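K.L.:
TSV, C-alpha atoms, saved as target-v5.tsv, coming up:
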```tsv
chain	number	residue	atom	x	y	z
A	201	MET	CA	-14.08	4.57	18.88
A	202	ASP	CA	-16.73	2.90	21.12
A	203	LEU	CA	-19.47	0.66	19.66
A	204	ALA	CA	-22.22	3.31	19.80
A	205	LYS	CA	-20.04	5.71	17.81
A	206	GLN	CA	-19.13	2.96	15.39
A	207	ASN	CA	-22.82	2.25	14.82
A	208	GLY	CA	-23.46	5.94	14.34
A	209	ALA	CA	-20.67	6.21	11.78
A	210	LYS	CA	-21.83	3.06	10.02
A	211	HIS	CA	-25.28	4.48	9.44
A	212	ALA	CA	-24.34	8.16	9.09
A	213	ALA	CA	-25.10	8.10	5.38
A	214	LYS	CA	-28.63	6.88	6.00
A	215	ALA	CA	-31.23	9.63	5.67
A	216	SER	CA	-33.27	10.53	8.73
A	217	GLY	CA	-36.90	9.70	8.14
A	218	LEU	CA	-35.83	7.64	5.09
A	219	ASP	CA	-35.70	10.84	3.01
A	220	GLY	CA	-34.55	9.93	-0.47
A	221	VAL	CA	-34.16	6.23	0.35
A	222	VAL	CA	-35.76	3.98	-2.29
A	223	VAL	CA	-37.75	1.23	-0.57
A	224	ALA	CA	-39.66	-0.19	-3.54
A	225	ASP	CA	-39.96	-0.20	-7.30
A	226	THR	CA	-43.39	0.95	-8.42
A	227	ALA	CA	-45.32	1.43	-11.63
A	228	LEU	CA	-48.10	3.31	-9.85
A	229	SER	CA	-47.01	6.92	-9.46
A	230	GLU	CA	-44.03	9.25	-9.60
A	231	VAL	CA	-43.68	12.55	-7.77
A	232	ASP	CA	-41.24	15.02	-9.34
A	233	GLY	CA	-40.84	17.67	-6.67
A	234	GLU	CA	-38.41	19.82	-8.64
A	235	ARG	CA	-40.63	20.15	-11.73
A	236	GLY	CA	-43.97	20.00	-9.95
A	237	ARG	CA	-45.13	16.91	-11.79
A	238	LEU	CA	-47.26	13.97	-10.63
A	239	ILE	CA	-47.41	10.94	-12.95
A	240	VAL	CA	-50.00	8.26	-12.19
A	241	GLY	CA	-49.80	5.04	-14.19
A	242	GLY	CA	-47.97	6.76	-17.02
A	243	HIS	CA	-50.27	9.81	-17.19
A	244	ASP	CA	-49.82	13.33	-15.85
A	245	ILE	CA	-52.42	14.06	-13.19
A	246	GLU	CA	-53.63	17.07	-15.21
A	247	ALA	CA	-54.63	14.65	-18.00
A	248	LEU	CA	-56.62	12.47	-15.59
A	249	ALA	CA	-58.44	14.60	-13.01
A	250	GLY	CA	-61.61	16.04	-14.49
A	251	LYS	CA	-61.05	14.03	-17.67
A	252	VAL	CA	-61.59	10.44	-16.48
A	253	GLY	CA	-63.74	9.19	-13.63
A	254	PHE	CA	-62.70	7.61	-10.35
A	255	GLU	CA	-63.69	4.19	-11.68
A	256	ASP	CA	-61.29	4.70	-14.60
A	257	LEU	CA	-58.53	5.74	-12.24
A	258	CYS	CA	-59.12	2.61	-10.16
A	259	GLY	CA	-58.76	0.56	-13.31
A	260	LEU	CA	-55.51	2.31	-14.17
A	261	LEU	CA	-54.05	1.62	-10.73
A	262	TRP	CA	-55.36	-1.92	-10.38
A	263	THR	CA	-54.85	-3.28	-13.90
A	264	GLY	CA	-52.13	-1.05	-15.31
A	265	ALA	CA	-54.26	0.57	-18.02
A	266	LEU	CA	-57.27	2.82	-18.36
A	267	PRO	CA	-60.20	0.41	-18.65
A	268	ASP	CA	-62.46	-0.15	-21.63
A	269	ALA	CA	-66.21	0.32	-21.18
A	270	ALA	CA	-66.83	-3.26	-20.07
A	271	THR	CA	-64.06	-3.26	-17.47
A	272	ARG	CA	-65.07	0.16	-16.23
A	273	GLY	CA	-68.62	-1.13	-15.72
A	274	ALA	CA	-67.32	-4.16	-13.83
A	275	ILE	CA	-65.19	-1.96	-11.57
A	276	ALA	CA	-68.14	0.34	-10.91
A	277	ALA	CA	-70.28	-2.67	-10.00
A	278	ALA	CA	-67.60	-4.05	-7.65
A	279	LEU	CA	-67.19	-0.67	-5.93
A	280	ALA	CA	-70.98	-0.53	-5.49
A	281	GLU	CA	-70.96	-4.05	-4.06
A	282	GLY	CA	-68.27	-3.00	-1.59
A	283	ARG	CA	-70.40	-0.03	-0.52
A	284	ALA	CA	-73.37	-2.35	-0.03
A	285	LEU	CA	-71.39	-4.98	1.91
A	286	ALA	CA	-70.19	-2.26	4.25
A	287	PHE	CA	-73.70	-0.90	4.76
A	288	GLU	CA	-74.88	-4.34	5.86
A	289	GLN	CA	-72.52	-3.98	8.82
A	290	ILE	CA	-73.67	-0.51	9.95
A	291	PRO	CA	-76.12	-1.85	12.61
A	292	SER	CA	-73.24	-3.58	14.42
A	293	LEU	CA	-71.10	-0.43	14.33
A	294	GLU	CA	-73.34	2.09	16.08
A	295	GLU	CA	-70.95	2.62	18.99
A	296	THR	CA	-67.95	2.96	16.68
A	297	LEU	CA	-69.78	5.54	14.56
A	298	THR	CA	-70.19	7.82	17.56
A	299	ALA	CA	-66.42	8.38	17.80
A	300	GLU	CA	-65.45	12.04	17.88
A	301	ASP	CA	-62.67	11.62	15.34
A	302	GLY	CA	-63.68	10.54	11.84
A	303	SER	CA	-60.40	8.84	11.05
A	304	ALA	CA	-60.59	6.79	14.25
A	305	ALA	CA	-64.13	5.71	13.40
A	306	LEU	CA	-63.11	4.87	9.84
A	307	LEU	CA	-60.16	2.76	11.02
A	308	SER	CA	-62.37	0.74	13.37
A	309	CYS	CA	-65.09	0.25	10.77
A	310	VAL	CA	-62.64	-0.92	8.12
A	311	ALA	CA	-61.05	-3.37	10.54
A	312	HIS	CA	-64.52	-4.70	11.36
A	313	PHE	CA	-65.26	-5.04	7.65
A	314	GLY	CA	-62.24	-7.26	7.29
A	315	ALA	CA	-63.31	-9.52	10.13
A	316	ARG	CA	-66.85	-9.92	8.79
A	317	ALA	CA	-66.25	-9.85	5.03
A	318	ALA	CA	-63.13	-12.01	4.73
A	319	TRP	CA	-65.15	-15.06	3.72
A	320	ARG	CA	-66.73	-13.13	0.86
A	321	SER	CA	-63.29	-12.46	-0.58
A	322	GLU	CA	-62.26	-16.11	-0.88
A	323	GLY	CA	-61.02	-16.58	-4.41
A	324	GLN	CA	-61.45	-12.88	-5.17
A	325	ARG	CA	-57.86	-11.79	-4.88
A	326	GLY	CA	-57.31	-9.17	-7.53
A	327	TRP	CA	-59.15	-5.98	-8.22
A	328	VAL	CA	-62.56	-7.24	-7.01
A	329	GLU	CA	-61.17	-7.49	-3.49
A	330	LEU	CA	-59.56	-4.05	-3.90
A	331	ALA	CA	-62.86	-2.59	-5.11
A	332	HIS	CA	-64.80	-4.04	-2.18
A	333	VAL	CA	-62.46	-2.47	0.36
A	334	THR	CA	-62.33	0.86	-1.50
A	335	GLY	CA	-66.12	0.93	-1.72
A	336	ALA	CA	-66.45	0.12	1.97
A	337	VAL	CA	-64.29	3.11	2.95
A	338	ALA	CA	-66.80	5.45	1.28
A	339	THR	CA	-69.80	3.92	3.04
A	340	PHE	CA	-68.18	4.02	6.47
A	341	ALA	CA	-66.99	7.62	6.07
A	342	ALA	CA	-70.46	8.73	4.98
A	343	ALA	CA	-72.16	6.82	7.79
A	344	TRP	CA	-69.89	8.46	10.38
A	345	ALA	CA	-70.73	11.90	8.97
A	346	ARG	CA	-74.45	11.14	9.13
A	347	ARG	CA	-74.26	9.91	12.73
A	348	ARG	CA	-72.18	12.92	13.73
A	349	SER	CA	-74.88	15.24	12.41
A	350	GLY	CA	-77.61	13.29	14.21
A	351	SER	CA	-78.96	11.68	11.06
A	352	THR	CA	-79.48	8.09	9.98
A	353	PRO	CA	-76.95	6.49	7.61
A	354	ILE	CA	-78.23	6.12	4.06
A	355	ALA	CA	-77.93	2.95	2.00
A	356	PRO	CA	-75.76	3.16	-1.12
A	357	ASP	CA	-77.21	3.28	-4.62
A	358	ALA	CA	-75.51	0.95	-7.09
A	359	ALA	CA	-76.83	2.97	-10.02
A	360	LEU	CA	-74.63	5.94	-9.10
A	361	GLY	CA	-70.92	6.48	-9.61
A	362	HIS	CA	-68.66	6.30	-6.58
A	363	ALA	CA	-68.30	10.07	-6.07
A	364	ALA	CA	-71.99	10.81	-6.63
A	365	ASP	CA	-73.09	8.04	-4.27
A	366	PHE	CA	-70.67	9.15	-1.56
A	367	LEU	CA	-72.06	12.69	-1.75
A	368	ARG	CA	-75.62	11.39	-1.62
A	369	MET	CA	-74.87	9.16	1.38
A	370	VAL	CA	-73.38	12.15	3.22
A	371	ARG	CA	-75.83	14.86	2.19
A	372	GLY	CA	-79.04	12.84	2.22
A	373	ALA	CA	-80.21	13.66	-1.29
A	374	ALA	CA	-79.03	13.33	-4.87
A	375	GLU	CA	-76.46	16.02	-5.63
A	376	THR	CA	-76.05	18.06	-8.77
A	377	GLU	CA	-74.04	16.61	-11.60
A	378	ALA	CA	-71.59	19.51	-11.22
A	379	ALA	CA	-70.95	18.74	-7.54
A	380	ALA	CA	-70.48	15.03	-8.23
A	381	ARG	CA	-68.08	15.83	-11.08
A	382	ALA	CA	-66.04	18.15	-8.85
A	383	LEU	CA	-65.75	15.55	-6.09
A	384	ASP	CA	-64.88	12.90	-8.68
A	385	ALA	CA	-62.00	15.10	-9.88
A	386	TYR	CA	-60.82	15.40	-6.27
A	387	LEU	CA	-60.90	11.62	-5.69
A	388	VAL	CA	-58.87	11.08	-8.86
A	389	THR	CA	-56.38	13.77	-7.83
A	390	VAL	CA	-55.62	12.28	-4.41
A	391	ALA	CA	-55.82	8.55	-5.30
A	392	ASP	CA	-52.06	8.03	-5.31
A	393	HIS	CA	-48.98	10.10	-4.58
A	394	GLY	CA	-45.73	8.17	-4.39
A	395	MET	CA	-44.33	6.65	-1.22
A	396	ASN	CA	-46.08	8.89	1.31
A	397	ALA	CA	-46.41	7.95	4.98
A	398	SER	CA	-49.74	6.12	4.80
A	399	THR	CA	-48.84	4.30	1.58
A	400	PHE	CA	-45.52	3.19	3.07
A	401	THR	CA	-47.41	1.96	6.12
A	402	ALA	CA	-49.74	-0.11	3.94
A	403	ARG	CA	-46.80	-1.61	2.07
A	404	VAL	CA	-44.94	-2.51	5.27
A	405	VAL	CA	-48.00	-4.39	6.56
A	406	ALA	CA	-48.50	-6.07	3.19
A	407	SER	CA	-44.85	-7.10	3.10
A	408	THR	CA	-45.37	-9.24	6.20
A	409	GLY	CA	-47.94	-11.34	4.34
A	410	SER	CA	-50.84	-9.79	6.23
A	411	ASP	CA	-54.25	-9.28	4.64
A	412	LEU	CA	-55.50	-6.32	2.59
A	413	VAL	CA	-57.85	-4.93	5.22
A	414	SER	CA	-55.15	-4.89	7.89
A	415	ALA	CA	-52.90	-2.92	5.54
A	416	ILE	CA	-55.66	-0.39	4.75
A	417	ALA	CA	-56.58	0.00	8.42
A	418	ALA	CA	-52.93	0.66	9.22
A	419	ALA	CA	-52.75	3.26	6.45
A	420	ILE	CA	-55.77	5.04	7.92
A	421	GLY	CA	-53.99	5.02	11.26
A	422	ALA	CA	-51.05	6.81	9.64
A	423	LEU	CA	-53.45	9.30	8.07
A	424	LYS	CA	-54.77	10.24	11.53
A	425	GLY	CA	-51.50	11.99	12.30
A	426	PRO	CA	-51.65	15.79	11.89
A	427	LEU	CA	-48.49	15.81	9.76
A	428	HIS	CA	-50.14	13.72	7.02
A	429	GLY	CA	-53.50	14.73	5.58
A	430	GLY	CA	-54.74	16.97	8.38
A	431	ALA	CA	-54.58	20.54	6.99
A	432	PRO	CA	-57.63	21.12	4.74
A	433	GLY	CA	-59.95	22.06	7.62
A	434	PRO	CA	-57.55	24.67	9.03
A	435	VAL	CA	-57.24	26.20	5.55
A	436	LEU	CA	-60.96	26.99	5.70
A	437	ASP	CA	-60.50	28.41	9.19
A	438	MET	CA	-57.84	30.70	7.73
A	439	LEU	CA	-60.08	31.82	4.87
A	440	ASP	CA	-62.92	32.44	7.31
A	441	ALA	CA	-60.64	34.61	9.43
A	442	ILE	CA	-59.48	36.66	6.41
A	443	GLY	CA	-63.00	37.08	5.09
A	444	ASP	CA	-62.25	39.32	2.11
A	445	PRO	CA	-59.49	39.35	-0.53
A	446	SER	CA	-58.55	42.90	0.43
A	447	ARG	CA	-57.54	41.70	3.92
A	448	ALA	CA	-55.36	38.80	2.79
A	449	ALA	CA	-51.97	40.52	2.71
A	450	ALA	CA	-52.35	42.16	6.12
A	451	TRP	CA	-53.65	38.98	7.73
A	452	ILE	CA	-50.77	36.90	6.34
A	453	ALA	CA	-48.24	39.50	7.50
A	454	ALA	CA	-49.67	39.45	11.03
A	455	GLU	CA	-49.57	35.63	11.18
A	456	LEU	CA	-45.97	35.49	10.00
A	457	ALA	CA	-44.96	38.22	12.44
A	458	ALA	CA	-46.48	36.12	15.22
A	459	GLY	CA	-44.46	33.10	14.08
A	460	ARG	CA	-47.47	31.07	13.03
A	461	ARG	CA	-47.63	28.68	10.09
A	462	ILE	CA	-49.67	29.51	6.99
A	463	MET	CA	-51.87	26.50	6.34
A	464	GLY	CA	-51.87	24.90	2.91
A	465	MET	CA	-48.49	26.36	1.95
A	466	GLY	CA	-45.35	24.28	1.45
A	467	HIS	CA	-44.79	20.58	0.84
A	468	ARG	CA	-42.23	17.99	1.93
A	469	ILE	CA	-41.46	17.04	-1.70
A	470	TYR	CA	-42.52	19.86	-4.04
A	471	ARG	CA	-40.21	22.82	-4.55
A	472	VAL	CA	-42.70	24.44	-6.89
A	473	ARG	CA	-46.48	24.68	-6.79
A	474	ASP	CA	-48.15	21.34	-6.14
A	475	PRO	CA	-49.65	20.25	-9.50
A	476	ARG	CA	-52.69	18.92	-7.63
A	477	ALA	CA	-53.44	22.44	-6.41
A	478	ALA	CA	-53.76	23.57	-10.03
A	479	VAL	CA	-56.03	20.62	-10.88
A	480	LEU	CA	-58.35	21.34	-7.96
A	481	GLU	CA	-58.35	25.08	-8.67
A	482	ARG	CA	-59.53	24.24	-12.18
A	483	ALA	CA	-62.26	21.95	-10.81
A	484	ILE	CA	-63.52	24.73	-8.54
A	485	SER	CA	-63.57	27.15	-11.48
A	486	GLU	CA	-65.73	24.67	-13.40
A	487	LEU	CA	-68.01	24.32	-10.38
A	488	GLU	CA	-68.34	28.10	-10.30
A	489	ARG	CA	-69.28	28.18	-13.99
A	490	ASP	CA	-71.95	25.58	-13.31
A	491	GLY	CA	-73.55	27.96	-10.82
A	492	SER	CA	-72.47	26.53	-7.47
A	493	ALA	CA	-73.51	28.98	-4.77
A	494	GLY	CA	-70.54	30.63	-3.10
A	495	ALA	CA	-67.83	28.84	-5.07
A	496	GLY	CA	-66.81	31.98	-6.95
A	497	ALA	CA	-66.41	34.18	-3.89
A	498	ARG	CA	-64.51	31.54	-1.96
A	499	LEU	CA	-62.24	30.87	-4.94
A	500	ALA	CA	-61.44	34.58	-5.29
A	501	LEU	CA	-60.55	34.73	-1.60
A	502	ALA	CA	-58.38	31.62	-1.86
A	503	ARG	CA	-56.48	32.98	-4.84
A	504	ALA	CA	-55.83	36.30	-3.14
A	505	THR	CA	-54.66	34.52	0.00
A	506	GLU	CA	-52.36	32.23	-1.98
A	507	ARG	CA	-50.78	35.19	-3.80
A	508	ALA	CA	-50.21	37.09	-0.57
A	509	ALA	CA	-48.82	34.07	1.25
A	510	GLU	CA	-46.50	33.07	-1.59
A	511	ALA	CA	-45.09	36.58	-1.94
A	512	GLN	CA	-44.47	37.09	1.76
A	513	LEU	CA	-43.07	33.61	2.34
A	514	ALA	CA	-40.68	34.08	-0.57
A	515	GLU	CA	-39.47	37.33	0.97
A	516	ARG	CA	-38.92	35.73	4.36
A	517	HIS	CA	-37.51	32.42	3.07
A	518	PRO	CA	-35.85	33.09	-0.30
A	519	ASP	CA	-34.00	29.76	-0.24
A	520	ARG	CA	-36.99	27.67	0.83
A	521	PRO	CA	-39.84	27.58	-1.72
A	522	LEU	CA	-43.21	27.50	0.04
A	523	LYS	CA	-46.07	27.36	-2.44
A	524	ALA	CA	-49.64	26.10	-2.38
A	525	ASN	CA	-50.06	22.39	-1.76
A	526	VAL	CA	-53.00	20.10	-2.48
A	527	GLU	CA	-54.71	20.89	0.82
A	528	PHE	CA	-55.07	24.58	-0.03
A	529	TYR	CA	-57.65	24.05	-2.76
A	530	THR	CA	-58.94	20.78	-1.30
A	531	ALA	CA	-60.52	22.82	1.44
A	532	VAL	CA	-62.28	25.13	-1.01
A	533	LEU	CA	-63.53	22.30	-3.23
A	534	LEU	CA	-64.84	20.05	-0.47
A	535	ASP	CA	-66.57	22.99	1.16
A	536	ALA	CA	-68.12	23.99	-2.17
A	537	VAL	CA	-69.69	20.54	-2.68
A	538	GLY	CA	-71.20	20.69	0.79
A	539	LEU	CA	-69.00	18.40	2.88
A	540	PRO	CA	-68.44	19.36	6.53
A	541	ARG	CA	-64.83	20.13	7.37
A	542	GLU	CA	-64.59	17.37	9.97
A	543	LEU	CA	-65.16	14.93	7.09
A	544	PHE	CA	-62.26	16.26	4.99
A	545	THR	CA	-59.63	13.76	6.14
A	546	PRO	CA	-61.97	10.74	5.86
A	547	THR	CA	-62.89	11.96	2.36
A	548	PHE	CA	-59.20	12.00	1.48
A	549	ALA	CA	-59.14	8.33	2.54
A	550	VAL	CA	-62.11	7.62	0.23
A	551	GLY	CA	-59.89	8.59	-2.71
A	552	ARG	CA	-56.53	7.37	-1.41
A	553	ALA	CA	-57.93	3.91	-0.62
A	554	ALA	CA	-57.64	3.09	-4.33
A	555	GLY	CA	-53.92	3.84	-4.25
A	556	TRP	CA	-53.33	2.05	-0.96
A	557	CYS	CA	-54.98	-1.07	-2.38
A	558	ALA	CA	-52.86	-0.88	-5.53
A	559	HIS	CA	-49.67	-0.60	-3.49
A	560	VAL	CA	-50.67	-3.57	-1.34
A	561	GLU	CA	-51.07	-5.69	-4.48
A	562	GLU	CA	-47.76	-4.45	-5.86
A	563	GLN	CA	-46.01	-5.26	-2.58
A	564	ARG	CA	-47.59	-8.72	-2.53
A	565	ARG	CA	-46.09	-9.39	-5.94
A	566	ALA	CA	-42.68	-8.19	-4.77
A	567	GLY	CA	-42.81	-10.80	-2.02
A	568	ARG	CA	-40.13	-9.25	0.16
A	569	LEU	CA	-40.39	-8.18	3.80
A	570	ILE	CA	-39.67	-4.48	4.33
A	571	ARG	CA	-37.16	-4.41	7.16
A	572	PRO	CA	-35.02	-1.24	7.29
A	573	ALA	CA	-32.09	-0.80	9.64
A	574	SER	CA	-31.88	1.62	12.53
A	575	ARG	CA	-28.97	3.45	14.15
A	576	TYR	CA	-28.43	2.66	17.80
A	577	ILE	CA	-27.40	5.73	19.83
A	578	GLY	CA	-27.98	4.35	23.33
A	579	PRO	CA	-25.43	3.26	25.92
A	580	ILE	CA	-23.35	0.11	25.46
A	581	PRO	CA	-22.80	-2.13	28.52
A	582	THR	CA	-19.16	-2.55	29.52
A	583	ALA	CA	-17.62	-5.98	29.21
```
Could you rewrite the structure in this file as structure tokens?

P.N.:
Amino acid sequence: MDLAKQNGAKHAAKASGLDGVVVADTALSEVDGERGRLIVGGHDIEALAGKVGFEDLCGLLWTGALPDAATRGAIAAALAEGRALAFEQIPSLEETLTAEDGSAALLSCVAHFGARAAWRSEGQRGWVELAHVTGAVATFAAAWARRRSGSTPIAPDAALGHAADFLRMVRGAAETEAAARALDAYLVTVADHGMNASTFTARVVASTGSDLVSAIAAAIGALKGPLHGGAPGPVLDMLDAIGDPSRAAAWIAAELAAGRRIMGMGHRIYRVRDPRAAVLERAISELERDGSAGAGARLALARATERAAEAQLAERHPDRPLKANVEFYTAVLLDAVGLPRELFTPTFAVGRAAGWCAHVEEQRRAGRLIRPASRYIGPIPTA
């Protein structure tokens, strides 16, 4: 056997794409794809989203426990300070904020924040540093959305919660309590989700001893890829094309016959319905009960489309479960609270930043460089 074949045999048991390979021990979250369960810090996601605020969830991820009132207030203040620190830098980021892609703009802004704000973080290792970076992500995402629409970025308001202030900075006016509560439930839902691509990226950078902001910027770079976090907008395009619940089954059938993918259906890990889809569906229902214009009609259309897609996909792929994932109802919720669809992926980063930061801290404590092996399949020079 030649050396290339020997190397291939040596690593044959290694999973392509690291599927199923454990790269870290974590106390942050567990994804049970077979049972459709997401555990964050010892709590099922259904017991967190819509029940505790984003500030509480940050406390859970960053300190290991849901915070008491005093700690929650301190976390809220630190998030607000991060939003304010980021806004101070907006005048120097005008060119960056004109980028066509929101994730690209967000990556550049966050990297700039690290260069300018590093001195402020001296001696602040711990959750204050994590809160500053998480807060900054919200300000930069909102500022990009404002510039894209031809409007002026709006300064943050420290008196508001993170979700409510993000909505206000995007929309230009104080939002209803119902809309802020729905977005808050979304941010909690997406804050952490196991060893996904962007989280793994953040941990790899952290494992080298690099700084927090570099790790978060790298994670945003991973999020730019269409295979990770890029489907909520197309889900709305699909719902727009269907238009009415009565057309869902026929539209899905035509798409499948043409060999096209049904957006928002199927997940790399879950073999049953994504538990986050159920959480967000519930949040949209509550938004509808609070009188949000259009939420009810859009929710009815989404449910009809999900039922039609699930039934037809099961018929075509009986051995491959393809059920609604988080992006399916993400699209409906973010649209219902008035966010433009080009802001959907940056808004995901607003929530996921809390989890990325927690993983960076956990990796720092582990103190070990992540350095997986590869399998060489190229030619070997002759002796």

K.L.:
Quick one: residues within 8 Å of Gly236 (chain A), all atoms listed in the file counted, chain neighbours fewer than 5 positions away excluded, as a list in words?

P.N.:
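So, after excluding close chain neighbours, the residues are Val231, Tyr470, Arg471, Val472, Arg473, Asp474 and Pro475 of chain A.
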
K.L.:
Counting all atoms listed in the file, which residue out of A:Ser407, A:Ala379, A:Ala418, A:Leu248 sits closest to Arg489 (chain A)?

P.N.:
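Among the listed residues, the smallest separation from Arg489 (chain A) belongs to A:Ala379.
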
K.L.:
Between A:Arg541, A:Arg371, A:Arg482, A:Arg403, which is the closest to Asp225 (chain A) once you count only C-alpha atoms?

P.N.:
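The closest residue to Asp225 (chain A) is A:Arg403.
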
K.L.:
Tell me which of A:Leu261, A:Val222, A:Leu360, A:Ala536 sits closest to Asp490 (chain A), counting all atoms listed in the file.

P.N.:
A:Ala536

K.L.:
Which polymer residues have any atom within 7 Å of an atom of Thr399 (chain A), counting only C-alpha atoms, with same-chain residues fewer than 4 positions away left out, as a list in words?

P.N.:
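Final neighbour list, sorted by chain and number: Met395, Arg403, Ala419 and Trp556 of chain A.
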
K.L.:
Just want the 12 Å neighbourhood of Leu522 (chain A), counted on all atoms listed in the file, with same-chain residues fewer than 4 positions away dropped. Output as a CSV table (one decimal) with C-alpha atoms, in the coordinates of the input.

P.N.:
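Final file, result-v5.csv:
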```
chain,number,residue,atom,x,y,z
A,461,ARG,CA,-47.6,28.7,10.1
A,462,ILE,CA,-49.7,29.5,7.0
A,463,MET,CA,-51.9,26.5,6.3
A,464,GLY,CA,-51.9,24.9,2.9
A,465,MET,CA,-48.5,26.4,2.0
A,466,GLY,CA,-45.4,24.3,1.4
A,467,HIS,CA,-44.8,20.6,0.8
A,468,ARG,CA,-42.2,18.0,1.9
A,469,ILE,CA,-41.5,17.0,-1.7
A,470,TYR,CA,-42.5,19.9,-4.0
A,471,ARG,CA,-40.2,22.8,-4.6
A,472,VAL,CA,-42.7,24.4,-6.9
A,473,ARG,CA,-46.5,24.7,-6.8
A,474,ASP,CA,-48.2,21.3,-6.1
A,506,GLU,CA,-52.4,32.2,-2.0
A,507,ARG,CA,-50.8,35.2,-3.8
A,508,ALA,CA,-50.2,37.1,-0.6
A,509,ALA,CA,-48.8,34.1,1.2
A,510,GLU,CA,-46.5,33.1,-1.6
A,511,ALA,CA,-45.1,36.6,-1.9
A,512,GLN,CA,-44.5,37.1,1.8
A,513,LEU,CA,-43.1,33.6,2.3
A,514,ALA,CA,-40.7,34.1,-0.6
A,515,GLU,CA,-39.5,37.3,1.0
A,516,ARG,CA,-38.9,35.7,4.4
A,517,HIS,CA,-37.5,32.4,3.1
A,518,PRO,CA,-35.8,33.1,-0.3
```

K.L.:
Which residue is closest to Ala359 (chain A)? Choose from A:Ala277, A:Phe548, A:Leu543, A:Gly394 and count all atoms listed in the file.

P.N.:
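Counting all atoms listed in the file, the residue closest to Ala359 (chain A) is A:Ala277.
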
K.L.:
Residues within 10 Å of Leu238 (chain A), please, as number ranges by chain. Count all atoms listed in the file; anything in the same chain fewer than 3 positions from it doesn't count.

P.N.:
A: 229-233, 235, 241-246, 389, 392-394, 474-476

K.L.:
I need the chosen residues saved as a PDB file, keeping the file's coordinate frame, with C-alpha atoms.

P.N.:
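Output below, filename again.pdb:
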```pdb
ATOM      1  CA  SER A 229     -47.010   6.920  -9.460  1.00  0.00           C
ATOM      2  CA  GLU A 230     -44.030   9.250  -9.600  1.00  0.00           C
ATOM      3  CA  VAL A 231     -43.680  12.550  -7.770  1.00  0.00           C
ATOM      4  CA  ASP A 232     -41.240  15.020  -9.340  1.00  0.00           C
ATOM      5  CA  GLY A 233     -40.840  17.670  -6.670  1.00  0.00           C
ATOM      6  CA  ARG A 235     -40.630  20.150 -11.730  1.00  0.00           C
ATOM      7  CA  GLY A 241     -49.800   5.040 -14.190  1.00  0.00           C
ATOM      8  CA  GLY A 242     -47.970   6.760 -17.020  1.00  0.00           C
ATOM      9  CA  HIS A 243     -50.270   9.810 -17.190  1.00  0.00           C
ATOM     10  CA  ASP A 244     -49.820  13.330 -15.850  1.00  0.00           C
ATOM     11  CA  ILE A 245     -52.420  14.060 -13.190  1.00  0.00           C
ATOM     12  CA  GLU A 246     -53.630  17.070 -15.210  1.00  0.00           C
ATOM     13  CA  THR A 389     -56.380  13.770  -7.830  1.00  0.00           C
ATOM     14  CA  ASP A 392     -52.060   8.030  -5.310  1.00  0.00           C
ATOM     15  CA  HIS A 393     -48.980  10.100  -4.580  1.00  0.00           C
ATOM     16  CA  GLY A 394     -45.730   8.170  -4.390  1.00  0.00           C
ATOM     17  CA  ASP A 474     -48.150  21.340  -6.140  1.00  0.00           C
ATOM     18  CA  PRO A 475     -49.650  20.250  -9.500  1.00  0.00           C
ATOM     19  CA  ARG A 476     -52.690  18.920  -7.630  1.00  0.00           C
TER      20      ARG A 476
END
```

K.L.:
Pick the closest to Leu480 (chain A) from A:Arg575, A:Arg381, A:His362, A:Arg348: which is it, counting only C-alpha atoms?

P.N.:
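Checking each candidate against Leu480 (chain A), we get A:Arg381 as the closest.
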
K.L.:
Using all atoms listed in the file for the distances, tell me which of A:Ala382, A:Leu456, A:Leu228, A:Ile354 is nearest to Glu561 (chain A).

P.N.:
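Once distances to Glu561 (chain A) are computed over all atoms listed in the file, the minimum belongs to A:Leu228.
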
K.L.:
Starting from 3 Å padding per side, set up an axis-aligned box that covers all listed atoms of region 371-386 of chain A and hand over centre and edge lengths in Å, one decimal, as AutoDock Vina command-line options.

P.N.:
```
--center_x -70.5 --center_y 16.2 --center_z -4.7 --size_x 25.4 --size_y 12.7 --size_z 19.8
```

K.L.:
What gap, in Å, lies between CA of Val390 (chain A) and CA of Ala331 (chain A)?

P.N.:
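So the two atoms, CA of Val390 (chain A) and CA of Ala331 (chain A), lie 16.6 Å apart.
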